[in-house]
>>> print(open('protein.tsv').read())   # TSV, C-alpha atoms
chain	number	residue	atom	x	y	z
A	1	MET	CA	-16.61	-18.12	23.45
A	2	ALA	CA	-18.48	-15.53	25.44
A	3	ASP	CA	-20.28	-13.00	23.25
A	4	HIS	CA	-18.65	-10.20	25.15
A	5	LYS	CA	-15.20	-11.42	24.21
A	6	GLN	CA	-16.15	-11.82	20.56
A	7	GLU	CA	-17.28	-8.19	20.59
A	8	VAL	CA	-13.97	-7.07	22.03
A	9	PHE	CA	-12.09	-8.95	19.33
A	10	GLU	CA	-14.24	-7.42	16.63
A	11	GLU	CA	-13.54	-3.96	18.03
A	12	ILE	CA	-9.80	-4.70	18.08
A	13	VAL	CA	-9.89	-5.77	14.44
A	14	THR	CA	-11.91	-2.69	13.42
A	15	ARG	CA	-9.38	-0.40	15.04
A	16	PHE	CA	-6.44	-2.32	13.65
A	17	VAL	CA	-7.88	-2.15	10.12
A	18	GLU	CA	-8.25	1.62	10.43
A	19	LEU	CA	-4.70	1.96	11.75
A	20	LYS	CA	-3.30	-0.22	8.98
A	21	ASN	CA	-5.24	1.42	6.17
A	22	THR	CA	-4.42	4.92	7.34
A	23	SER	CA	-0.70	4.20	7.45
A	24	GLU	CA	-0.82	2.62	3.99
A	25	LEU	CA	-2.74	5.62	2.68
A	26	MET	CA	0.01	7.83	4.09
A	27	ILE	CA	2.60	5.94	2.03
A	28	ASP	CA	0.52	6.43	-1.14
A	29	LEU	CA	0.06	10.14	-0.47
A	30	ALA	CA	3.69	10.65	0.50
A	31	TYR	CA	4.94	9.12	-2.74
A	32	SER	CA	2.38	11.12	-4.72
A	33	SER	CA	3.50	14.35	-3.07
A	34	LEU	CA	7.11	13.60	-4.00
A	35	MET	CA	6.35	12.91	-7.63
A	36	LEU	CA	4.03	15.82	-8.14
A	37	ASN	CA	5.35	18.81	-9.99
A	38	SER	CA	5.54	21.57	-7.44
A	39	ASN	CA	4.56	24.16	-10.03
A	40	THR	CA	1.54	22.30	-11.45
A	41	SER	CA	-0.87	24.79	-9.97
A	42	GLU	CA	0.95	27.66	-11.68
A	43	LEU	CA	0.49	25.96	-15.02
A	44	MET	CA	-3.18	25.47	-14.29
A	45	ILE	CA	-3.84	28.95	-13.00
A	46	ASP	CA	-5.81	29.96	-16.09
A	47	LEU	CA	-8.18	27.06	-15.88
A	48	ALA	CA	-11.56	27.36	-14.26
A	49	TYR	CA	-10.93	24.56	-11.84
A	50	SER	CA	-7.61	25.78	-10.53
A	51	SER	CA	-9.21	26.11	-7.10
A	52	LEU	CA	-9.47	22.31	-6.97
A	53	MET	CA	-5.79	21.77	-7.61
A	54	LEU	CA	-3.60	20.36	-4.92
A	55	ASN	CA	0.12	20.91	-4.98
A	56	SER	CA	2.77	18.66	-3.55
A	57	LYS	CA	2.79	20.65	-0.32
A	58	ASP	CA	-0.94	20.16	0.24
A	59	LEU	CA	-0.52	16.40	-0.05
A	60	ALA	CA	2.51	16.39	2.22
A	61	GLU	CA	0.59	18.40	4.83
A	62	GLU	CA	-2.22	15.85	4.67
A	63	VAL	CA	0.32	13.11	5.40
A	64	GLU	CA	1.62	15.02	8.43
A	65	ARG	CA	-1.92	15.53	9.68
A	66	LEU	CA	-2.63	11.80	9.32
A	67	GLU	CA	0.55	11.01	11.22
A	68	GLU	CA	-0.93	12.66	14.30
A	69	TYR	CA	-4.21	10.85	13.72
A	70	VAL	CA	-2.37	7.52	13.51
A	71	ASP	CA	-0.68	8.20	16.85
A	72	LYS	CA	-4.11	8.61	18.38
A	73	LEU	CA	-5.46	5.46	16.70
A	74	HIS	CA	-2.44	3.53	17.89
A	75	THR	CA	-2.92	4.60	21.51
A	76	ASP	CA	-6.61	3.61	21.38
A	77	PHE	CA	-5.70	0.27	19.86
A	78	GLU	CA	-3.10	-0.49	22.54
A	79	LEU	CA	-5.41	0.52	25.36
A	80	LEU	CA	-8.17	-1.67	24.01
A	81	ALA	CA	-5.86	-4.66	23.65
A	82	LEU	CA	-4.42	-4.20	27.14
A	83	THR	CA	-7.78	-3.84	28.85
A	84	SER	CA	-9.47	-6.77	27.13
A	85	ASP	CA	-9.11	-9.03	30.16
A	86	PHE	CA	-7.12	-11.79	28.49
A	87	LYS	CA	-6.09	-15.00	30.20
A	88	LYS	CA	-2.52	-15.90	30.97
A	89	GLU	CA	-2.34	-18.44	28.14
A	90	GLU	CA	-3.49	-15.76	25.70
A	91	ALA	CA	-0.67	-13.36	26.62
A	92	SER	CA	1.52	-14.34	23.67
A	93	GLY	CA	-1.32	-13.75	21.18
A	94	PHE	CA	-1.87	-10.30	22.66
A	95	LEU	CA	1.85	-9.51	22.65
A	96	GLY	CA	1.74	-10.28	18.92
A	97	LEU	CA	-1.09	-7.77	18.54
A	98	ILE	CA	0.82	-5.06	20.38
A	99	ARG	CA	3.87	-5.61	18.18
A	100	LEU	CA	1.69	-5.48	15.09
A	101	GLY	CA	0.44	-2.07	16.20
A	102	VAL	CA	3.94	-0.78	16.95
A	103	ALA	CA	5.24	-1.83	13.52
A	104	THR	CA	2.23	-0.28	11.79
A	105	GLU	CA	2.86	3.00	13.56
A	106	ARG	CA	6.49	2.89	12.40
A	107	ILE	CA	5.30	2.50	8.81
A	108	ALA	CA	3.25	5.67	9.26
A	109	ASP	CA	6.31	7.46	10.69
A	110	ALA	CA	8.38	6.48	7.66
A	111	ALA	CA	5.69	7.89	5.34
A	112	ALA	CA	5.75	11.14	7.32
A	113	GLU	CA	9.54	11.34	6.89
A	114	MET	CA	9.06	11.19	3.13
A	115	ALA	CA	6.47	13.95	3.23
A	116	GLU	CA	8.87	16.04	5.29
A	117	VAL	CA	11.21	16.22	2.29
A	118	VAL	CA	8.49	18.15	0.47
A	119	LEU	CA	7.64	20.36	3.44
A	120	ARG	CA	11.27	21.36	3.87
A	121	GLY	CA	11.08	22.78	0.37
A	122	ILE	CA	13.60	20.38	-1.09
A	123	GLU	CA	12.92	20.51	-4.80
A	124	PRO	CA	12.10	16.91	-5.82
A	125	HIS	CA	15.03	15.47	-7.69
A	126	PRO	CA	14.15	14.35	-11.25
A	127	VAL	CA	14.95	10.82	-10.11
A	128	LEU	CA	12.03	10.90	-7.69
A	129	LYS	CA	9.63	11.85	-10.44
A	130	LEU	CA	10.85	8.91	-12.51
A	131	THR	CA	9.94	6.57	-9.68
A	132	ILE	CA	6.26	6.97	-10.31
A	133	ARG	CA	5.04	6.39	-13.80
A	134	GLU	CA	2.64	9.27	-14.28
A	135	ALA	CA	4.66	12.31	-13.37
A	136	GLU	CA	2.75	14.85	-15.46
A	137	GLU	CA	-0.49	14.12	-13.70
A	138	THR	CA	-2.33	16.58	-11.56
A	139	VAL	CA	-3.96	16.00	-8.20
A	140	ILE	CA	-7.25	17.62	-7.32
A	141	GLN	CA	-9.87	17.46	-4.63
A	142	ALA	CA	-13.60	17.47	-5.24
A	143	CYS	CA	-16.39	17.40	-2.68
A	144	VAL	CA	-19.41	15.20	-2.96
A	145	THR	CA	-22.52	17.38	-2.82
A	146	GLU	CA	-26.15	16.32	-2.31
A	147	ASP	CA	-27.01	16.13	-6.02
A	148	SER	CA	-24.11	13.82	-6.85
A	149	PRO	CA	-24.93	10.43	-8.39
A	150	LEU	CA	-21.95	9.01	-6.51
A	151	ILE	CA	-23.64	9.12	-3.10
A	152	ASN	CA	-24.13	5.70	-1.50
A	153	LYS	CA	-22.33	3.94	-4.30
A	154	THR	CA	-19.33	1.76	-3.67
A	155	LEU	CA	-16.18	2.68	-5.57
A	156	LYS	CA	-16.67	-0.41	-7.69
A	157	GLU	CA	-20.16	0.74	-8.68
A	158	ALA	CA	-19.14	4.38	-9.11
A	159	ARG	CA	-16.67	3.53	-11.91
A	160	VAL	CA	-14.85	6.82	-11.49
A	161	PRO	CA	-11.67	5.81	-13.38
A	162	GLU	CA	-13.74	4.49	-16.31
A	163	GLU	CA	-15.94	7.60	-16.47
A	164	THR	CA	-13.37	10.30	-15.86
A	165	GLY	CA	-9.87	8.86	-16.18
A	166	MET	CA	-9.21	10.06	-12.64
A	167	TRP	CA	-7.86	7.71	-10.01
A	168	ILE	CA	-9.06	8.24	-6.43
A	169	LEU	CA	-6.08	8.41	-4.08
A	170	ALA	CA	-7.94	9.09	-0.85
A	171	ILE	CA	-11.37	9.89	0.55
A	172	LYS	CA	-11.40	12.51	3.26
A	173	ARG	CA	-14.27	12.11	5.69
A	174	GLY	CA	-14.09	14.47	8.65
A	175	GLU	CA	-11.02	13.74	10.70
A	176	LYS	CA	-10.40	10.45	8.91
A	177	SER	CA	-8.95	9.71	5.53
A	178	LEU	CA	-9.84	6.43	3.89
A	179	ARG	CA	-7.72	4.37	1.57
A	180	PRO	CA	-10.06	3.56	-1.32
A	181	LYS	CA	-11.14	-0.06	-1.59
A	182	PRO	CA	-13.63	-1.48	-4.11
A	183	TYR	CA	-16.30	-1.80	-1.40
A	184	THR	CA	-15.78	1.67	0.14
A	185	THR	CA	-19.07	3.61	-0.05
A	186	ILE	CA	-19.00	7.25	-1.08
A	187	GLN	CA	-20.99	9.54	1.23
A	188	LEU	CA	-22.40	13.04	1.11
A	189	GLY	CA	-19.72	15.49	2.27
A	190	ASP	CA	-16.77	13.28	1.34
A	191	ILE	CA	-13.83	15.00	-0.27
A	192	LEU	CA	-12.28	12.93	-3.04
A	193	ILE	CA	-8.57	13.37	-3.66
A	194	ALA	CA	-7.87	12.15	-7.17
A	195	SER	CA	-5.02	12.15	-9.65
A	196	GLY	CA	-5.09	12.04	-13.42
A	197	TYR	CA	-4.59	14.12	-16.51
A	198	ALA	CA	-6.09	17.59	-16.70
A	199	GLU	CA	-8.76	16.41	-19.18
A	200	GLY	CA	-10.50	14.36	-16.49
A	201	VAL	CA	-10.75	17.10	-13.89
A	202	GLU	CA	-13.92	18.67	-15.25
A	203	ASP	CA	-15.60	15.26	-15.60
A	204	LEU	CA	-14.86	14.34	-12.02
A	205	LYS	CA	-16.06	17.70	-10.79
A	206	LYS	CA	-19.35	17.21	-12.63
A	207	LEU	CA	-19.82	13.79	-11.05
A	208	ALA	CA	-18.97	14.85	-7.51
A	209	SER	CA	-20.63	18.26	-7.38
A	210	PRO	CA	-22.89	18.67	-10.44
A	211	GLN	CA	-24.61	21.93	-9.49
A	212	HIS	CA	-22.85	23.19	-6.47
A	213	GLN	CA	-19.69	25.11	-6.26
A	214	CYS	CA	-17.76	23.40	-3.64
A	215	ASN	CA	-15.13	25.25	-1.77
A	216	VAL	CA	-12.53	23.07	-0.26
A	217	GLU	CA	-10.16	25.07	1.82
B	1	MET	CA	24.60	-15.46	12.92
B	2	PRO	CA	23.30	-14.29	9.55
B	3	GLN	CA	25.77	-14.10	6.72
B	4	PHE	CA	26.57	-10.61	5.53
B	5	GLU	CA	27.89	-10.24	2.02
B	6	LYS	CA	30.34	-7.57	0.99
B	7	ILE	CA	28.60	-5.11	-1.28
B	8	GLU	CA	30.52	-3.86	-4.25
B	9	TYR	CA	29.66	-0.75	-6.22
B	10	LYS	CA	27.72	-1.45	-9.39
B	11	PRO	CA	26.68	1.26	-11.83
B	12	ILE	CA	22.88	0.92	-11.58
B	13	PRO	CA	20.68	3.98	-12.19
B	14	VAL	CA	19.45	5.52	-8.94
B	15	SER	CA	15.89	5.54	-10.26
B	16	ASP	CA	15.99	1.77	-10.87
B	17	LEU	CA	17.20	1.15	-7.34
B	18	LEU	CA	14.60	3.45	-5.85
B	19	VAL	CA	11.75	1.96	-7.87
B	20	GLU	CA	12.72	-1.53	-6.74
B	21	MET	CA	12.99	-0.43	-3.10
B	22	LYS	CA	9.59	1.24	-3.30
B	23	ASN	CA	7.86	-1.71	-4.93
B	24	LEU	CA	9.48	-4.38	-2.78
B	25	SER	CA	8.80	-2.51	0.45
B	26	GLU	CA	5.12	-2.18	-0.49
B	27	LEU	CA	4.87	-5.87	-1.35
B	28	MET	CA	6.54	-6.68	1.98
B	29	ILE	CA	3.85	-4.81	3.91
B	30	ASP	CA	1.12	-6.89	2.30
B	31	LEU	CA	3.02	-10.14	2.75
B	32	ALA	CA	3.89	-9.36	6.37
B	33	TYR	CA	0.33	-8.61	7.48
B	34	SER	CA	-0.96	-11.77	5.84
B	35	ALA	CA	1.84	-13.80	7.39
B	36	ALA	CA	1.16	-12.44	10.88
B	37	LEU	CA	-2.64	-12.50	10.86
B	38	PHE	CA	-2.90	-15.99	9.37
B	39	ASN	CA	0.21	-17.40	11.02
B	40	ASP	CA	1.78	-18.25	7.67
B	41	LYS	CA	5.44	-19.17	8.24
B	42	GLU	CA	6.31	-19.42	4.55
B	43	LEU	CA	5.13	-15.89	3.79
B	44	ALA	CA	6.94	-14.63	6.89
B	45	GLU	CA	10.20	-16.16	5.69
B	46	ASP	CA	9.78	-14.48	2.30
B	47	VAL	CA	9.45	-11.14	4.06
B	48	ILE	CA	12.64	-11.70	6.06
B	49	GLU	CA	14.46	-12.61	2.86
B	50	LEU	CA	13.16	-9.54	1.01
B	51	GLU	CA	14.31	-7.39	3.89
B	52	SER	CA	17.91	-8.37	3.27
B	53	ARG	CA	17.41	-7.66	-0.44
B	54	ILE	CA	16.25	-4.14	0.46
B	55	ASP	CA	19.30	-3.66	2.68
B	56	THR	CA	21.54	-4.51	-0.27
B	57	LEU	CA	19.65	-2.06	-2.49
B	58	ALA	CA	19.96	0.63	0.17
B	59	TYR	CA	23.75	0.21	0.26
B	60	LEU	CA	23.98	0.35	-3.54
B	61	LEU	CA	21.78	3.43	-3.66
B	62	ASP	CA	23.84	5.23	-1.01
B	63	MET	CA	27.02	4.54	-2.97
B	64	GLU	CA	25.37	5.73	-6.18
B	65	ILE	CA	24.36	8.99	-4.48
B	66	MET	CA	27.84	9.55	-3.10
B	67	VAL	CA	29.36	9.09	-6.53
B	68	ALA	CA	26.79	11.41	-8.13
B	69	ALA	CA	27.23	14.34	-5.75
B	70	ARG	CA	29.94	16.63	-7.00
B	71	ASP	CA	29.16	19.87	-5.21
B	72	ALA	CA	26.92	21.42	-2.58
B	73	GLU	CA	24.12	21.95	-5.06
B	74	ASP	CA	24.09	18.26	-6.03
B	75	ALA	CA	24.05	17.36	-2.37
B	76	GLU	CA	21.05	19.58	-1.74
B	77	THR	CA	18.98	17.97	-4.46
B	78	LEU	CA	20.11	14.42	-3.69
B	79	ILE	CA	19.32	14.58	0.02
B	80	GLY	CA	15.64	14.13	-0.87
B	81	VAL	CA	16.41	10.90	-2.71
B	82	SER	CA	18.42	9.46	0.14
B	83	THR	CA	15.73	10.42	2.69
B	84	VAL	CA	13.05	8.69	0.64
B	85	ALA	CA	15.22	5.59	0.21
B	86	SER	CA	15.90	5.46	3.91
B	87	ALA	CA	12.15	5.76	4.62
B	88	ALA	CA	11.46	2.83	2.25
B	89	ASP	CA	14.13	0.91	4.13
B	90	LYS	CA	12.41	1.71	7.45
B	91	ILE	CA	9.11	0.49	6.04
B	92	SER	CA	10.76	-2.79	5.09
B	93	ASP	CA	12.25	-3.07	8.58
B	94	ALA	CA	8.81	-2.62	10.09
B	95	ALA	CA	7.42	-5.29	7.74
B	96	ALA	CA	10.20	-7.64	8.84
B	97	ASP	CA	9.26	-7.00	12.49
B	98	ILE	CA	5.67	-7.96	11.67
B	99	ALA	CA	6.93	-11.15	10.03
B	100	ALA	CA	9.08	-11.85	13.09
B	101	ILE	CA	5.89	-12.17	15.17
B	102	VAL	CA	5.42	-15.43	13.25
B	103	THR	CA	9.01	-16.63	12.89
B	104	ARG	CA	9.68	-16.09	16.61
B	105	ASN	CA	6.54	-18.07	17.51
B	106	ILE	CA	4.83	-15.24	19.33
B	107	GLY	CA	1.77	-15.38	17.14
B	108	ILE	CA	-1.35	-13.28	17.08
B	109	HIS	CA	-4.52	-14.44	18.76
B	110	PRO	CA	-6.17	-16.68	16.12
B	111	ILE	CA	-9.60	-15.07	16.54
B	112	ILE	CA	-8.12	-11.83	15.15
B	113	GLY	CA	-7.25	-13.52	11.85
B	114	GLU	CA	-10.71	-15.09	11.62
B	115	ILE	CA	-12.46	-11.75	12.03
B	116	PHE	CA	-9.97	-9.91	9.83
B	117	GLU	CA	-10.58	-12.38	7.00
B	118	LYS	CA	-14.24	-11.32	6.92
B	119	VAL	CA	-13.45	-7.65	6.38
B	120	GLU	CA	-10.22	-7.61	4.38
B	121	GLU	CA	-8.71	-9.63	1.59
B	122	ARG	CA	-5.74	-11.83	2.29
B	123	LEU	CA	-2.70	-13.02	0.39
B	124	MET	CA	-1.76	-16.58	-0.38
B	125	LYS	CA	1.17	-18.31	-2.03
B	126	ALA	CA	0.58	-20.90	-4.72
B	127	THR	CA	3.21	-22.84	-6.64
B	128	VAL	CA	2.49	-23.83	-10.24
B	129	LYS	CA	3.00	-27.59	-10.18
B	130	GLU	CA	3.17	-30.39	-12.73
B	131	GLY	CA	-0.23	-31.02	-14.32
B	132	SER	CA	-1.64	-27.57	-13.59
B	133	VAL	CA	-3.97	-26.18	-16.25
B	134	ILE	CA	-2.55	-22.69	-15.81
B	135	ALA	CA	1.08	-23.52	-16.66
B	136	GLY	CA	2.19	-21.63	-19.77
B	137	LYS	CA	-0.98	-19.49	-19.87
B	138	ARG	CA	-1.16	-15.74	-20.10
B	139	ILE	CA	-2.58	-13.92	-17.09
B	140	ASP	CA	-5.39	-12.35	-19.10
B	141	GLU	CA	-6.36	-15.80	-20.46
B	142	LEU	CA	-6.92	-16.99	-16.90
B	143	ASP	CA	-9.44	-14.20	-16.26
B	144	LEU	CA	-9.01	-14.72	-12.53
B	145	ALA	CA	-10.69	-11.53	-11.36
B	146	ALA	CA	-13.99	-12.43	-13.05
B	147	ARG	CA	-13.80	-16.17	-12.33
B	148	MET	CA	-12.88	-16.20	-8.66
B	149	GLY	CA	-12.07	-12.67	-7.55
B	150	VAL	CA	-8.35	-13.36	-7.42
B	151	ASP	CA	-5.51	-11.09	-8.44
B	152	ILE	CA	-1.88	-12.15	-8.97
B	153	ILE	CA	0.14	-9.40	-7.32
B	154	ALA	CA	3.62	-10.89	-7.69
B	155	ILE	CA	5.44	-13.82	-9.25
B	156	ARG	CA	8.56	-15.36	-7.85
B	157	ARG	CA	10.58	-17.06	-10.56
B	158	ASN	CA	13.77	-18.70	-9.32
B	159	LYS	CA	15.41	-15.88	-7.35
B	160	ASP	CA	13.61	-13.02	-9.08
B	161	TRP	CA	10.45	-11.21	-8.17
B	162	ILE	CA	8.11	-9.89	-10.83
B	163	LEU	CA	5.96	-7.28	-9.12
B	164	ASP	CA	2.51	-6.39	-10.37
B	165	PRO	CA	2.82	-8.57	-13.50
B	166	ASP	CA	1.30	-7.40	-16.78
B	167	GLU	CA	-1.84	-8.99	-18.19
B	168	THR	CA	0.24	-10.36	-21.04
B	169	ASP	CA	2.82	-12.06	-18.81
B	170	ARG	CA	2.69	-15.85	-18.66
B	171	VAL	CA	2.88	-18.13	-15.65
B	172	PHE	CA	5.23	-21.09	-15.86
B	173	LEU	CA	5.76	-24.38	-14.11
B	174	GLY	CA	7.65	-23.76	-10.87
B	175	ASP	CA	6.52	-20.14	-10.52
B	176	ILE	CA	5.46	-19.10	-7.06
B	177	LEU	CA	2.44	-16.83	-7.33
B	178	ILE	CA	1.42	-14.36	-4.64
B	179	THR	CA	-2.32	-13.87	-4.94
B	180	ARG	CA	-4.80	-11.56	-3.29
B	181	GLY	CA	-8.49	-12.15	-2.98
B	182	ALA	CA	-11.42	-13.41	-0.98
B	183	PRO	CA	-10.68	-16.53	1.11
B	184	MET	CA	-12.72	-18.95	-1.03
B	185	GLY	CA	-11.28	-17.66	-4.29
B	186	ILE	CA	-7.63	-17.87	-3.33
B	187	LYS	CA	-8.06	-21.37	-1.88
B	188	GLU	CA	-9.65	-22.51	-5.13
B	189	PHE	CA	-6.87	-20.87	-7.12
B	190	LYS	CA	-4.19	-22.56	-5.01
B	191	ASP	CA	-5.73	-25.95	-5.82
B	192	ILE	CA	-5.81	-25.09	-9.52
B	193	ALA	CA	-2.19	-23.88	-9.52
B	194	GLU	CA	-1.06	-27.02	-7.75
B	195	GLY	CA	-2.94	-29.27	-10.15
B	196	LYS	CA	-5.41	-30.57	-7.56
B	197	LEU	CA	-8.28	-28.99	-9.46
B	198	THR	CA	-8.04	-29.33	-13.21
B	199	LYS	CA	-10.96	-27.22	-14.31
B	200	LEU	CA	-11.07	-23.47	-14.68
B	201	GLU	CA	-14.77	-22.93	-14.12
B	202	ASP	CA	-16.70	-19.88	-15.18
>>> encode(input="protein.tsv", output="structure tokens")
Amino acid sequence: MADHKQEVFEEIVTRFVELKNTSELMIDLAYSSLMLNSNTSELMIDLAYSSLMLNSKDLAEEVERLEEYVDKLHTDFELLALTSDFKKEEASGFLGLIRLGVATERIADAAAEMAEVVLRGIEPHPVLKLTIREAEETVIQACVTEDSPLINKTLKEARVPEETGMWILAIKRGEKSLRPKPYTTIQLGDILIASGYAEGVEDLKKLASPQHQCNVE
Amino acid sequence: MPQFEKIEYKPIPVSDLLVEMKNLSELMIDLAYSAALFNDKELAEDVIELESRIDTLAYLLDMEIMVAARDAEDAETLIGVSTVASAADKISDAAADIAAIVTRNIGIHPIIGEIFEKVEERLMKATVKEGSVIAGKRIDELDLAARMGVDIIAIRRNKDWILDPDETDRVFLGDILITRGAPMGIKEFKDIAEGKLTKLED
């Protein structure tokens, strides 16, 4: 196959992977926002790290923001597939790709509908909290500053759950949000969204921003 | 024409129904992408079957909610539950559409699967057959993650699905295992499960 074509295919896969992972991340965040106690931050108000706390609304807003981002990714993906100069006999294989993109975008839409429940101020029914095991957990965000030992480590190497008891839900990097995978590398400036019990919050903060105060708006 | 069964009310806790819908719909997403990208008809058919299971759960959950709501206040708190259930149902519908790319013989350009396999893990189905060294063993005894980078994400036993099995669960003859992992690892594991390879190497 011509090198040019191989490149186009690689680009298509890269964009598809981002589309797919972002929509799956949205599902994770949407469920988390539904299970989170809406008054967690009030309970934590006395604690030093209350500025790191996310409430269910923050998470739901992140899902809505990602929904718009997914729409953009989807358009780029479709345009790339349609302009890749395929032959007539390849049309079916490209139709399959287009349908894959459409279905992925619908998954993202469904996640956004869940988040909307939170944004409409519907108090999560106790049943929803039962659906996820760890309902008393808190969700925080911590930014990775230049003195952090986490920089340039993969999540597997960073061993955050082992060290802190906190589970990383998402990594915010500029406009993107990444769904954590074992081989995802942590970078300077990343914002880690993590859930766990209150005891782990301080440990995670020390790992991500040892010296610096980090102000996440 | 598909057969539609009549669904009768059963007193099942709403949380049980919702948990199952959530877990099954998430499994379906994984299965559907693997089916479509690697043109795996068997996986695709599993997705289509799970989709009808989710539909049944959605009916049961709706009925449960209707029975539970006694006044306007109940309705206001329960609307969140029904919205979430309907979103899980939509996710499963989307997964079924992805599976339909395979079952309707549209297919996805094969190069896409080849490249995808290099960057992402894939799923594979393996049936525990006669003579397999893993039959009757506990999942933690198999130590699959360390040995071959493979994870068992679901077990299908007769008509039931066991999602995200515990380390202490056992695998039995006839179980269908859904595994996730690097291409080499899951192919090796499939051979072991089917008794073609009889050694669990370190």
>>> residues_around(input="protein.tsv", residues="region 57-71 of chain B", least_positions_apart="3", cutoff="7 Å", atoms="only C-alpha atoms", output="tab-separated table (two decimals) with C-alpha atoms, keeping the file's coordinate frame")
chain	number	residue	atom	x	y	z
B	9	TYR	CA	29.66	-0.75	-6.22
B	14	VAL	CA	19.45	5.52	-8.94
B	17	LEU	CA	17.20	1.15	-7.34
B	21	MET	CA	12.99	-0.43	-3.10
B	53	ARG	CA	17.41	-7.66	-0.44
B	54	ILE	CA	16.25	-4.14	0.46
B	74	ASP	CA	24.09	18.26	-6.03
B	75	ALA	CA	24.05	17.36	-2.37
B	78	LEU	CA	20.11	14.42	-3.69
B	82	SER	CA	18.42	9.46	0.14
B	85	ALA	CA	15.22	5.59	0.21
>>> closest_atom_pairs(input="protein.tsv", of="chain A", to="chain B", cutoff="7 Å", atoms="only C-alpha atoms", output="JSON lines")
{"residue": "A:Phe9", "atom": "CA", "partner": "B:Ile112", "partner_atom": "CA", "distance": 6.4}
{"residue": "A:Glu10", "atom": "CA", "partner": "B:Ile115", "partner_atom": "CA", "distance": 6.6}
{"residue": "A:Val13", "atom": "CA", "partner": "B:Phe116", "partner_atom": "CA", "distance": 6.2}
{"residue": "A:Ser92", "atom": "CA", "partner": "B:Ile106", "partner_atom": "CA", "distance": 5.5}
{"residue": "A:Gly93", "atom": "CA", "partner": "B:His109", "partner_atom": "CA", "distance": 4.1}
{"residue": "A:Phe94", "atom": "CA", "partner": "B:His109", "partner_atom": "CA", "distance": 6.3}
{"residue": "A:Gly96", "atom": "CA", "partner": "B:Ile108", "partner_atom": "CA", "distance": 4.7}
{"residue": "A:Leu97", "atom": "CA", "partner": "B:Ile108", "partner_atom": "CA", "distance": 5.7}
{"residue": "A:Leu100", "atom": "CA", "partner": "B:Ile98", "partner_atom": "CA", "distance": 5.8}
{"residue": "A:Ala103", "atom": "CA", "partner": "B:Ala94", "partner_atom": "CA", "distance": 5.0}
{"residue": "A:Arg106", "atom": "CA", "partner": "B:Ala94", "partner_atom": "CA", "distance": 6.4}
{"residue": "A:Ile107", "atom": "CA", "partner": "B:Ile91", "partner_atom": "CA", "distance": 5.1}
{"residue": "A:Ala110", "atom": "CA", "partner": "B:Ala87", "partner_atom": "CA", "distance": 4.9}
{"residue": "A:Ala111", "atom": "CA", "partner": "B:Ala87", "partner_atom": "CA", "distance": 6.8}
{"residue": "A:Glu113", "atom": "CA", "partner": "B:Ala87", "partner_atom": "CA", "distance": 6.6}
{"residue": "A:Met114", "atom": "CA", "partner": "B:Val84", "partner_atom": "CA", "distance": 5.3}
{"residue": "A:Val117", "atom": "CA", "partner": "B:Gly80", "partner_atom": "CA", "distance": 5.8}
{"residue": "A:Ile122", "atom": "CA", "partner": "B:Gly80", "partner_atom": "CA", "distance": 6.6}
{"residue": "A:Glu123", "atom": "CA", "partner": "B:Thr77", "partner_atom": "CA", "distance": 6.6}
{"residue": "A:Pro124", "atom": "CA", "partner": "B:Gly80", "partner_atom": "CA", "distance": 6.7}
{"residue": "A:His125", "atom": "CA", "partner": "B:Thr77", "partner_atom": "CA", "distance": 5.7}
{"residue": "A:Val127", "atom": "CA", "partner": "B:Ser15", "partner_atom": "CA", "distance": 5.4}
{"residue": "A:Leu128", "atom": "CA", "partner": "B:Val81", "partner_atom": "CA", "distance": 6.6}
{"residue": "A:Leu130", "atom": "CA", "partner": "B:Ser15", "partner_atom": "CA", "distance": 6.5}
{"residue": "A:Thr131", "atom": "CA", "partner": "B:Val19", "partner_atom": "CA", "distance": 5.3}
>>> closest_residue(input="protein.tsv", among="B:Asp175, B:Asp160, B:Asp151, B:Asp40", to="Thr127 (chain B)", atoms="all atoms listed in the file")
B:Asp175
>>> atom_distance(input="protein.tsv", atom1="CA of Arg180 (chain B)", atom2="CA of Arg122 (chain B)")
5.7 Å
>>> residues_around(input="protein.tsv", residues="Leu80 (chain A)", least_positions_apart="4", cutoff="10 Å", atoms="all atoms listed in the file", output="PDB file with C-alpha atoms, keeping the file's coordinate frame")
ATOM      1  CA  VAL A   8     -13.970  -7.070  22.030  1.00  0.00           C
ATOM      2  CA  PHE A   9     -12.090  -8.950  19.330  1.00  0.00           C
ATOM      3  CA  GLU A  11     -13.540  -3.960  18.030  1.00  0.00           C
ATOM      4  CA  ILE A  12      -9.800  -4.700  18.080  1.00  0.00           C
ATOM      5  CA  ARG A  15      -9.380  -0.400  15.040  1.00  0.00           C
ATOM      6  CA  HIS A  74      -2.440   3.530  17.890  1.00  0.00           C
ATOM      7  CA  THR A  75      -2.920   4.600  21.510  1.00  0.00           C
ATOM      8  CA  ASP A  76      -6.610   3.610  21.380  1.00  0.00           C
ATOM      9  CA  SER A  84      -9.470  -6.770  27.130  1.00  0.00           C
ATOM     10  CA  ASP A  85      -9.110  -9.030  30.160  1.00  0.00           C
TER      11      ASP A  85
END
>>> atom_distance(input="protein.tsv", atom1="CA of Lys129 (chain B)", atom2="CA of Glu194 (chain B)")
4.8 Å
>>> atom_distance(input="protein.tsv", atom1="CA of Arg104 (chain B)", atom2="CA of Lys41 (chain B)")
9.9 Å
>>> residues_around(input="protein.tsv", residues="Leu73 (chain A)", least_positions_apart="4", cutoff="7 Å", atoms="only C-alpha atoms", output="list in words")
Leu19, Tyr69 and Phe77 of chain A
>>> closest_residue(input="protein.tsv", among="A:Leu34, A:Leu82, A:Val102, A:Asp147", to="Arg120 (chain A)", atoms="all atoms listed in the file")
A:Leu34
